[in-house]
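J.: Here you go, work_31.txt (compact mmCIF, C-alpha atoms and all ligand atoms):
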# COMPACT_ATOMS: atom_id res chain seq x y z
CA MET A 1 -22.47 52.83 6.39
CA HIS A 2 -20.70 49.49 6.00
CA CYS A 3 -18.93 49.91 2.71
CA LEU A 4 -16.38 47.43 1.48
CA SER A 5 -14.50 48.42 -1.67
CA ARG A 6 -14.36 50.97 -4.46
CA SER A 7 -15.17 50.26 -8.08
CA GLY A 8 -14.67 52.52 -11.10
CA SER A 9 -17.32 55.07 -12.12
CA ARG A 10 -19.37 54.46 -15.28
CA LEU A 11 -19.96 56.56 -18.31
CA LEU A 12 -23.68 56.44 -18.98
CA ARG A 13 -25.34 57.68 -22.14
CA GLU A 14 -28.83 58.99 -22.94
CA PRO A 15 -31.27 56.38 -24.27
CA VAL A 16 -32.66 56.33 -27.77
CA ALA A 17 -36.04 58.10 -27.54
CA PRO A 18 -38.13 55.96 -29.98
CA VAL A 19 -37.58 52.91 -27.80
CA LEU A 20 -39.61 54.52 -25.05
CA LYS A 21 -42.98 54.48 -26.82
CA LEU A 22 -42.70 50.77 -27.52
CA LEU A 23 -41.94 50.06 -23.89
CA LEU A 24 -45.04 51.90 -22.74
CA ALA A 25 -47.42 49.80 -24.80
CA ARG A 26 -47.60 46.99 -22.24
CA CYS A 27 -47.54 46.92 -18.49
CA GLN A 28 -46.83 44.04 -16.13
CA MET A 29 -47.96 44.72 -12.58
CA THR A 30 -48.17 42.13 -9.81
CA ASP A 31 -51.26 41.37 -7.75
CA ASN A 32 -50.09 43.61 -4.94
CA SER A 33 -49.60 46.57 -7.21
CA PRO A 34 -52.84 47.61 -8.85
CA LEU A 35 -51.64 51.20 -9.18
CA ASP A 36 -50.63 51.27 -12.77
CA PHE A 37 -47.78 53.71 -13.25
CA ALA A 38 -46.17 52.49 -16.46
CA GLN A 39 -49.44 52.55 -18.36
CA LEU A 40 -49.65 56.24 -17.49
CA ALA A 41 -46.60 56.96 -19.53
CA ILE A 42 -43.21 56.94 -17.88
CA GLU A 43 -42.21 58.89 -20.94
CA ARG A 44 -44.25 61.84 -19.70
CA TYR A 45 -42.94 61.43 -16.18
CA GLN A 46 -39.45 61.65 -17.61
CA ALA A 47 -40.33 64.89 -19.40
CA PHE A 48 -41.89 66.23 -16.20
CA LYS A 49 -38.84 65.40 -14.08
CA ARG A 50 -36.60 67.19 -16.53
CA SER A 51 -38.77 70.33 -16.54
CA SER A 52 -39.98 70.61 -12.94
CA PRO A 53 -38.06 73.22 -10.90
CA PHE A 54 -38.96 71.27 -7.75
CA ALA A 55 -37.76 67.92 -9.13
CA ILE A 56 -34.45 69.38 -10.28
CA HIS A 57 -33.60 71.97 -7.66
CA CYS A 58 -35.24 70.53 -4.52
CA GLU A 59 -35.85 66.80 -4.95
CA GLU A 60 -32.73 65.73 -6.79
CA TYR A 61 -30.49 68.24 -5.00
CA SER A 62 -31.69 67.25 -1.50
CA LEU A 63 -31.75 63.52 -2.19
CA LEU A 64 -28.23 63.39 -3.63
CA LYS A 65 -26.88 65.73 -0.95
CA SER A 66 -28.29 63.43 1.71
CA ILE A 67 -26.69 60.38 0.04
CA GLY A 68 -23.25 62.04 -0.16
CA ASN A 69 -20.39 62.08 -2.64
CA SER A 70 -19.39 58.43 -2.66
CA LEU A 71 -21.00 55.05 -2.23
CA ALA A 72 -17.70 53.21 -2.52
CA GLY A 73 -18.11 49.60 -1.47
CA CYS A 74 -21.81 49.94 -0.70
CA GLN A 75 -24.63 47.57 -1.61
CA VAL A 76 -27.44 49.79 -2.87
CA LEU A 77 -31.10 49.14 -3.65
CA ASP A 78 -33.16 51.52 -5.80
CA LEU A 79 -36.63 50.37 -4.85
CA GLY A 80 -39.37 51.37 -7.29
CA CYS A 81 -36.66 52.69 -9.60
CA GLY A 82 -39.03 53.67 -12.44
CA TRP A 83 -37.02 54.50 -15.54
CA GLY A 84 -33.87 54.55 -13.42
CA CYS A 85 -33.04 58.24 -13.20
CA TYR A 86 -31.65 57.76 -9.70
CA THR A 87 -30.20 54.32 -10.52
CA ARG A 88 -28.00 56.15 -12.98
CA LYS A 89 -26.97 58.82 -10.46
CA LEU A 90 -26.27 56.15 -7.85
CA ALA A 91 -24.06 54.24 -10.30
CA GLU A 92 -21.98 57.40 -10.73
CA LEU A 93 -21.20 57.26 -6.99
CA ALA A 94 -19.36 53.98 -7.58
CA PRO A 95 -21.06 51.54 -5.20
CA ALA A 96 -20.01 47.88 -5.10
CA ALA A 97 -23.38 46.85 -6.53
CA ILE A 98 -26.86 48.21 -7.22
CA VAL A 99 -30.12 46.31 -7.32
CA ALA A 100 -32.90 48.23 -9.11
CA THR A 101 -36.44 46.93 -8.75
CA ASP A 102 -39.85 47.99 -9.97
CA ALA A 103 -43.22 46.26 -10.15
CA SER A 104 -43.54 47.36 -13.75
CA GLY A 105 -41.71 45.33 -16.37
CA ASP A 106 -41.93 48.30 -18.71
CA ALA A 107 -40.21 50.54 -16.20
CA ILE A 108 -37.39 48.02 -15.78
CA SER A 109 -37.01 47.64 -19.56
CA LEU A 110 -36.74 51.40 -19.82
CA ALA A 111 -34.27 51.62 -16.93
CA LYS A 112 -32.03 49.07 -18.68
CA VAL A 113 -32.00 51.20 -21.83
CA TYR A 114 -31.46 54.43 -19.92
CA ASN A 115 -28.58 52.95 -17.97
CA ASN A 116 -26.96 51.59 -21.09
CA GLY A 117 -26.74 48.03 -19.77
CA SER A 118 -24.42 48.93 -16.87
CA SER A 119 -23.11 45.66 -15.43
CA LEU A 120 -23.08 47.26 -11.99
CA VAL A 121 -26.87 47.07 -11.84
CA GLU A 122 -29.01 43.98 -11.27
CA TYR A 123 -32.59 44.66 -12.43
CA ARG A 124 -35.59 42.85 -10.97
CA VAL A 125 -39.29 43.11 -11.75
CA GLU A 126 -40.60 42.81 -8.22
CA ASP A 127 -43.30 44.15 -5.95
CA CYS A 128 -41.93 46.12 -3.00
CA ALA A 129 -44.32 44.25 -0.73
CA GLU A 130 -42.48 41.03 -1.70
CA LEU A 131 -38.87 42.23 -1.32
CA PRO A 132 -36.94 39.04 -0.38
CA ASP A 133 -33.51 40.44 0.69
CA ARG A 134 -32.42 40.33 4.34
CA ASN A 135 -29.61 42.31 6.07
CA ARG A 136 -28.06 43.12 2.72
CA PHE A 137 -28.12 46.80 1.77
CA ASP A 138 -26.13 49.80 3.03
CA LEU A 139 -28.51 52.19 1.27
CA ILE A 140 -32.09 51.84 0.06
CA VAL A 141 -33.49 54.64 -2.09
CA ALA A 142 -37.29 54.52 -2.19
CA ASN A 143 -38.12 57.76 -3.95
CA PHE A 144 -41.82 58.52 -4.36
CA LEU A 145 -42.56 54.81 -3.99
CA LEU A 146 -44.43 54.42 -0.69
CA PRO A 147 -47.58 56.32 -1.84
CA PHE A 148 -48.02 53.65 -4.53
CA ASN A 149 -48.92 51.07 -1.88
CA ALA A 150 -52.63 50.50 -2.34
CA ASN A 151 -53.54 50.34 1.36
CA VAL A 152 -52.08 50.74 4.84
CA ASP A 153 -51.38 47.00 5.23
CA LEU A 154 -49.24 46.98 2.08
CA LEU A 155 -47.54 50.21 3.14
CA ARG A 156 -46.63 48.65 6.49
CA ARG A 157 -45.45 45.45 4.79
CA THR A 158 -43.23 47.43 2.43
CA CYS A 159 -41.71 49.37 5.35
CA ALA A 160 -41.07 46.09 7.21
CA ASN A 161 -39.39 44.65 4.10
CA ILE A 162 -37.20 47.73 3.74
CA TYR A 163 -36.09 47.52 7.36
CA ALA A 164 -35.35 43.79 7.02
CA ALA A 165 -33.39 44.33 3.80
CA LEU A 166 -31.05 46.93 5.38
CA ARG A 167 -27.90 45.97 7.21
CA PRO A 168 -27.55 47.39 10.72
CA GLY A 169 -26.37 50.97 10.16
CA GLY A 170 -27.87 51.01 6.65
CA ARG A 171 -29.96 53.98 5.49
CA LEU A 172 -33.30 54.54 3.81
CA VAL A 173 -33.84 57.76 1.86
CA GLY A 174 -36.54 58.97 -0.50
CA PHE A 175 -39.28 61.53 -0.93
CA LEU A 176 -42.89 61.25 0.25
CA PRO A 177 -45.81 63.59 -0.49
CA ASN A 178 -46.22 65.87 2.52
CA CYS A 179 -49.85 65.03 3.31
CA PHE A 180 -51.79 66.28 6.29
CA GLN A 181 -55.33 67.54 6.77
CA GLY A 182 -55.74 70.93 5.14
CA VAL A 183 -52.56 70.77 3.07
CA ASP A 184 -52.74 73.09 0.04
CA PHE A 185 -51.49 71.44 -3.14
CA SER A 186 -53.29 73.95 -5.40
CA ARG A 187 -51.99 75.37 -8.65
CA GLU A 188 -51.47 78.73 -6.93
CA MET A 189 -49.43 77.15 -4.15
CA VAL A 190 -47.22 74.61 -5.93
CA GLY A 191 -48.16 74.57 -9.64
CA ARG A 192 -45.38 76.69 -11.06
CA GLN A 193 -42.67 75.33 -8.80
CA VAL A 194 -43.58 71.67 -9.25
CA ASN A 195 -44.87 71.93 -12.82
CA GLY A 196 -47.70 69.80 -11.48
CA ILE A 197 -50.02 69.40 -8.50
CA TYR A 198 -51.60 66.71 -6.35
CA GLU A 199 -55.33 66.41 -6.94
CA VAL A 200 -56.77 65.45 -3.56
CA PRO A 201 -60.45 64.86 -2.64
CA ALA A 202 -62.01 66.82 0.21
CA ASN A 203 -61.23 65.29 3.62
CA PRO A 204 -58.87 62.54 2.48
CA VAL A 205 -58.07 59.61 4.76
CA ASP A 206 -55.26 57.06 4.63
CA GLY A 207 -55.56 55.13 1.38
CA SER A 208 -57.71 57.74 -0.41
CA GLU A 209 -57.05 57.83 -4.13
CA ILE A 210 -55.29 60.97 -5.31
CA ASN A 211 -53.65 62.00 -8.60
CA LEU A 212 -50.28 63.46 -9.31
CA VAL A 213 -51.13 65.80 -12.18
CA LEU A 214 -48.17 66.56 -14.42
CA PHE A 215 -48.39 69.69 -16.55
CA THR A 216 -47.26 67.85 -19.65
CA SER A 217 -47.88 68.87 -23.24
CA PRO A 218 -50.16 68.60 -25.16
CA THR A 219 -52.33 67.27 -22.31
CA GLU A 220 -51.89 66.94 -18.57
CA THR A 221 -50.94 63.50 -17.25
CA ARG A 222 -52.66 62.00 -14.19
CA ILE A 223 -50.81 59.39 -12.15
CA PRO A 224 -53.00 57.69 -9.53
CA LEU A 225 -51.49 57.09 -6.12
CA ARG A 226 -52.65 57.11 -2.50
CA TRP A 227 -52.91 59.71 0.19
CA TYR A 228 -51.30 58.78 3.50
CA HIS A 229 -50.93 61.22 6.35
CA ARG A 230 -47.27 61.96 7.03
CA GLU A 231 -47.75 60.52 10.54
CA THR A 232 -48.98 57.26 8.97
CA TYR A 233 -45.68 56.99 7.09
CA ARG A 234 -43.78 57.73 10.28
CA THR A 235 -45.74 55.13 12.27
CA ALA A 236 -45.30 52.49 9.56
CA LEU A 237 -41.52 53.10 9.62
CA LEU A 238 -41.34 53.04 13.43
CA ASP A 239 -43.41 49.85 13.61
CA ALA A 240 -41.10 48.32 11.01
CA GLY A 241 -38.23 48.75 13.49
CA PHE A 242 -36.66 52.17 12.83
CA GLU A 243 -35.94 54.09 16.04
CA ALA A 244 -37.55 57.51 16.42
CA SER A 245 -34.14 59.10 17.07
CA LYS A 246 -32.87 57.78 13.72
CA LEU A 247 -35.91 58.72 11.61
CA ARG A 248 -36.46 62.16 10.11
CA LEU A 249 -38.98 63.52 7.63
CA GLU A 250 -37.12 66.62 6.47
CA LYS A 251 -37.97 69.71 4.44
CA PRO A 252 -36.10 69.70 1.13
CA GLU A 253 -33.51 72.37 0.37
CA VAL A 254 -33.34 74.48 -2.78
CA SER A 255 -30.02 74.22 -4.61
CA PRO A 256 -27.91 77.39 -4.99
CA ALA A 257 -28.46 77.12 -8.77
CA GLY A 258 -32.22 76.95 -8.20
CA GLN A 259 -32.08 80.00 -5.94
CA ALA A 260 -30.17 81.95 -8.56
CA MET A 261 -32.34 80.87 -11.49
CA PHE A 262 -35.69 82.20 -10.27
CA GLU A 263 -36.99 85.53 -9.02
CA PRO A 264 -36.91 86.34 -5.27
CA GLY A 265 -39.88 84.71 -3.53
CA PHE A 266 -40.32 81.98 -6.17
CA TRP A 267 -39.54 79.20 -3.68
CA ASP A 268 -41.25 80.73 -0.62
CA SER A 269 -44.53 78.81 -0.75
CA ILE A 270 -42.91 75.48 -1.43
CA VAL A 271 -40.21 75.91 1.19
CA GLY A 272 -42.78 77.13 3.72
CA GLN A 273 -45.08 74.21 3.06
CA PRO A 274 -43.11 71.61 1.10
CA ALA A 275 -45.09 69.48 -1.34
CA ALA A 276 -42.83 66.58 -0.36
CA LEU A 277 -40.63 65.55 2.55
CA LEU A 278 -37.32 63.72 2.49
CA MET A 279 -37.50 60.53 4.54
CA ASN A 280 -34.14 59.74 6.13
CA ALA A 281 -33.95 56.69 8.40
CA THR A 282 -31.04 54.62 9.72
CA LYS A 283 -31.37 51.00 10.91
C1 LIG A 301 -43.30 58.05 -9.10
S1 LIG A 301 -42.40 56.70 -9.71
C2 LIG A 301 -40.82 56.98 -8.97
C3 LIG A 301 -39.72 56.37 -9.76
C4 LIG A 301 -38.31 56.69 -9.25
N1 LIG A 301 -38.10 56.19 -7.92
C5 LIG A 301 -38.06 58.19 -9.32
O1 LIG A 301 -37.87 58.82 -8.27
O2 LIG A 301 -38.03 58.72 -10.43
C6 LIG A 301 -43.00 55.32 -8.77
C7 LIG A 301 -42.49 53.98 -9.27
O3 LIG A 301 -42.92 52.98 -8.34
C8 LIG A 301 -43.30 51.82 -9.07
N2 LIG A 301 -44.21 51.03 -8.24
C9 LIG A 301 -45.52 51.27 -7.99
N3 LIG A 301 -46.01 50.33 -7.17
C10 LIG A 301 -44.98 49.49 -6.89
C11 LIG A 301 -44.84 48.32 -6.10
N4 LIG A 301 -45.88 47.84 -5.42
N5 LIG A 301 -43.63 47.70 -6.03
C12 LIG A 301 -42.57 48.20 -6.72
N6 LIG A 301 -42.64 49.29 -7.50
C13 LIG A 301 -43.83 49.93 -7.59
C14 LIG A 301 -43.94 52.37 -10.32
O4 LIG A 301 -43.98 51.41 -11.36
C15 LIG A 301 -43.04 53.56 -10.62
O5 LIG A 301 -41.99 53.22 -11.47
As structure tokens, please, write out the structure in this file.
Ligand SMILES: C[S@@+](CC[C@H](N)C(=O)[O-])C[C@H]1O[C@@H](n2cnc3c(N)ncnc32)[C@H](O)[C@@H]1O

T.:
Amino acid sequence: MHCLSRSGSRLLREPVAPVLKLLLARCQMTDNSPLDFAQLAIERYQAFKRSSPFAIHCEEYSLLKSIGNSLAGCQVLDLGCGWGCYTRKLAELAPAAIVATDASGDAISLAKVYNNGSSLVEYRVEDCAELPDRNRFDLIVANFLLPFNANVDLLRRTCANIYAALRPGGRLVGFLPNCFQGVDFSREMVGRQVNGIYEVPANPVDGSEINLVLFTSPTETRIPLRWYHRETYRTALLDAGFEASKLRLEKPEVSPAGQAMFEPGFWDSIVGQPAALLMNATK
């Protein structure tokens, strides 16, 4: 990475919960982003992320491990930042600057609250298919963003934008659903580990509508997104300019704390056939 200088770490506080409901009342999405995430309650997604063994012990652990202990001097982009859970973690790694973008104005409002107005972060309401930056970032985090592109053309455009926005040597990381024909996302296979499932139609093709079903209380929450074969993601990234030798779709790891917390065998199904893969690409 091309990192320039070190800035001090930030003390970030939890947001005030009642603000969240107000922020979810409206949703601003751009023309290129018909998949309406904020309307489907970021509040519930927050609760899910804090209760899902997979999100805590595989996703967050593997993503942060892959990013490393310090981002000193780095220019960082959190693309599709949602309510900013990773924006906040990235800020703790003391980069030179963070840009956090999301197509949803509600998500950005929430991220601002959650990150306690950190001056390190520049927030932008922006569609990932319209990302304007060129040769700027040392690290782009696009975590569970790409399946929100409504079709293959937009997916390819987003990947091209990401490549263009990275500096040479810069890195892209983030999770993708691990989709292929015959993949088993059933309750038996991933339900308990994820605290949710993907609801996928029979014989999905690239762009098929699927739901991320969160086992929230009192009712389940369905978040619509798109099914893309894992090879479609890989091809879109290669066509964007990433070299095959510098592009990996990796199985996530379970943290030692996660291993210790659950009974033997708990993680077997999800490690054997991960519900999501960690994309790791260097320009
Ligand atoms: C599943 S959430 C992930 C949020 C965050 N990256 C995380 O890991 O917690 C997906 C986010 O992508 C945003 N999103 C969906 N389509 C988008 C688009 N076309 N451009 C930018 N953001 C988009 C949604 O508003 C939502 O906040």

J.: Identify, counting all atoms listed in the file, the protein, DNA and RNA residues located within 9 Å of ligand LIG 301 (chain A), and give them as a short mmCIF file (atom, residue, chain, number, x, y, z; two decimals) with C-alpha atoms, in the coordinates of the input.

T.:
data_model
loop_
_atom_site.label_atom_id
_atom_site.label_comp_id
_atom_site.auth_asym_id
_atom_site.auth_seq_id
_atom_site.Cartn_x
_atom_site.Cartn_y
_atom_site.Cartn_z
CA MET A 29 -47.96 44.72 -12.58
CA THR A 30 -48.17 42.13 -9.81
CA ASP A 31 -51.26 41.37 -7.75
CA ASN A 32 -50.09 43.61 -4.94
CA SER A 33 -49.60 46.57 -7.21
CA PRO A 34 -52.84 47.61 -8.85
CA LEU A 35 -51.64 51.20 -9.18
CA ASP A 36 -50.63 51.27 -12.77
CA PHE A 37 -47.78 53.71 -13.25
CA ALA A 38 -46.17 52.49 -16.46
CA GLN A 39 -49.44 52.55 -18.36
CA ILE A 42 -43.21 56.94 -17.88
CA TYR A 45 -42.94 61.43 -16.18
CA GLN A 46 -39.45 61.65 -17.61
CA LYS A 49 -38.84 65.40 -14.08
CA GLU A 59 -35.85 66.80 -4.95
CA GLU A 60 -32.73 65.73 -6.79
CA ASP A 78 -33.16 51.52 -5.80
CA LEU A 79 -36.63 50.37 -4.85
CA GLY A 80 -39.37 51.37 -7.29
CA CYS A 81 -36.66 52.69 -9.60
CA GLY A 82 -39.03 53.67 -12.44
CA TRP A 83 -37.02 54.50 -15.54
CA GLY A 84 -33.87 54.55 -13.42
CA CYS A 85 -33.04 58.24 -13.20
CA TYR A 86 -31.65 57.76 -9.70
CA THR A 87 -30.20 54.32 -10.52
CA THR A 101 -36.44 46.93 -8.75
CA ASP A 102 -39.85 47.99 -9.97
CA ALA A 103 -43.22 46.26 -10.15
CA SER A 104 -43.54 47.36 -13.75
CA GLY A 105 -41.71 45.33 -16.37
CA ASP A 106 -41.93 48.30 -18.71
CA ALA A 107 -40.21 50.54 -16.20
CA ILE A 108 -37.39 48.02 -15.78
CA VAL A 125 -39.29 43.11 -11.75
CA GLU A 126 -40.60 42.81 -8.22
CA ASP A 127 -43.30 44.15 -5.95
CA CYS A 128 -41.93 46.12 -3.00
CA ALA A 129 -44.32 44.25 -0.73
CA GLU A 130 -42.48 41.03 -1.70
CA LEU A 131 -38.87 42.23 -1.32
CA VAL A 141 -33.49 54.64 -2.09
CA ALA A 142 -37.29 54.52 -2.19
CA ASN A 143 -38.12 57.76 -3.95
CA PHE A 144 -41.82 58.52 -4.36
CA LEU A 145 -42.56 54.81 -3.99
CA LEU A 146 -44.43 54.42 -0.69
CA PRO A 147 -47.58 56.32 -1.84
CA PHE A 148 -48.02 53.65 -4.53
CA ASN A 149 -48.92 51.07 -1.88
CA ALA A 150 -52.63 50.50 -2.34
CA LEU A 154 -49.24 46.98 2.08
CA THR A 158 -43.23 47.43 2.43
CA GLY A 174 -36.54 58.97 -0.50
CA PHE A 175 -39.28 61.53 -0.93
CA LEU A 212 -50.28 63.46 -9.31
CA ILE A 223 -50.81 59.39 -12.15
CA LEU A 225 -51.49 57.09 -6.12
#

J.: Dump as CSV the rows for residues of stretch 75-170 of chain A within 9 Å of stretch 64-67 of chain A: closest atom pair and distance in Å with one decimal, all atoms listed in the file counted, ordered by chain and rising residue number.

T.:
residue,atom,partner,partner_atom,distance
A:Tyr86,CA,A:Leu64,CA,9.0
A:Lys89,CA,A:Leu64,CA,8.3
A:Leu90,CA,A:Leu64,CA,8.6
A:Leu139,CA,A:Ile67,CA,8.5

J.: Pull C-alpha atoms from the residues just selected and write them as a short mmCIF file (atom, residue, chain, number, x, y, z; two decimals), keeping the file's coordinate frame.

T.:
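The resulting file, again-v7.cif, is reproduced below:
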data_model
loop_
_atom_site.label_atom_id
_atom_site.label_comp_id
_atom_site.auth_asym_id
_atom_site.auth_seq_id
_atom_site.Cartn_x
_atom_site.Cartn_y
_atom_site.Cartn_z
CA TYR A 86 -31.65 57.76 -9.70
CA LYS A 89 -26.97 58.82 -10.46
CA LEU A 90 -26.27 56.15 -7.85
CA LEU A 139 -28.51 52.19 1.27
#

J.: Just want the 7 Å neighbourhood of A:Asp138, counted on all atoms listed in the file, with same-chain residues fewer than 2 positions away dropped. Output as a list in words.

T.: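 Those residues are Met1, His2, Cys74, Gln75, Val76, Arg136, Ile140, Leu166, Arg167, Gly170 and Arg171 of chain A.
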
J.: Env of A:Val205: 12 Å cut, atoms = all atoms listed in the file, seq-sep filter 3 positions within chain, self excluded. Answer as a list in words.

T.: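 Returned residues: Asn151, Val152, Cys179, Phe180, Gln181, Gly182, Val200, Pro201, Ala202, Ser208, Glu209, Ile210, Arg226, Trp227, Tyr228, His229, Arg230, Glu231 and Thr232 of chain A.
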
J.: Please identify all polymer residues within 9 Å of A:Thr282, counting only C-alpha atoms, omitting same-chain residues fewer than 5 positions from it, and present them as a list of chain:residue names.

T.: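 In the requested form, the answer reads A:Leu166, A:Pro168, A:Gly169, A:Gly170, A:Arg171, A:Leu172, A:Val173, A:Phe242, A:Glu243, A:Lys246, A:Leu247.
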
J.: Return the single residue from A:Gly207, A:Pro274, A:Gly196, A:Pro95 that is closest to A:Tyr233, with distances computed using all atoms listed in the file.

T.: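 Using all atoms listed in the file, A:Tyr233 sits closest to A:Gly207.
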
J.: One number please: atom CA of A:Ser255 to atom CA of A:Lys112, in Å, one decimal.

T.: 28.9 Å

J.: Which value, in Å to one decimal, gives the distance between atom CA of A:Ala257 and atom CA of A:Ser51?

T.: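 We find that atom CA of A:Ala257 and atom CA of A:Ser51 lie 14.6 Å from each other.
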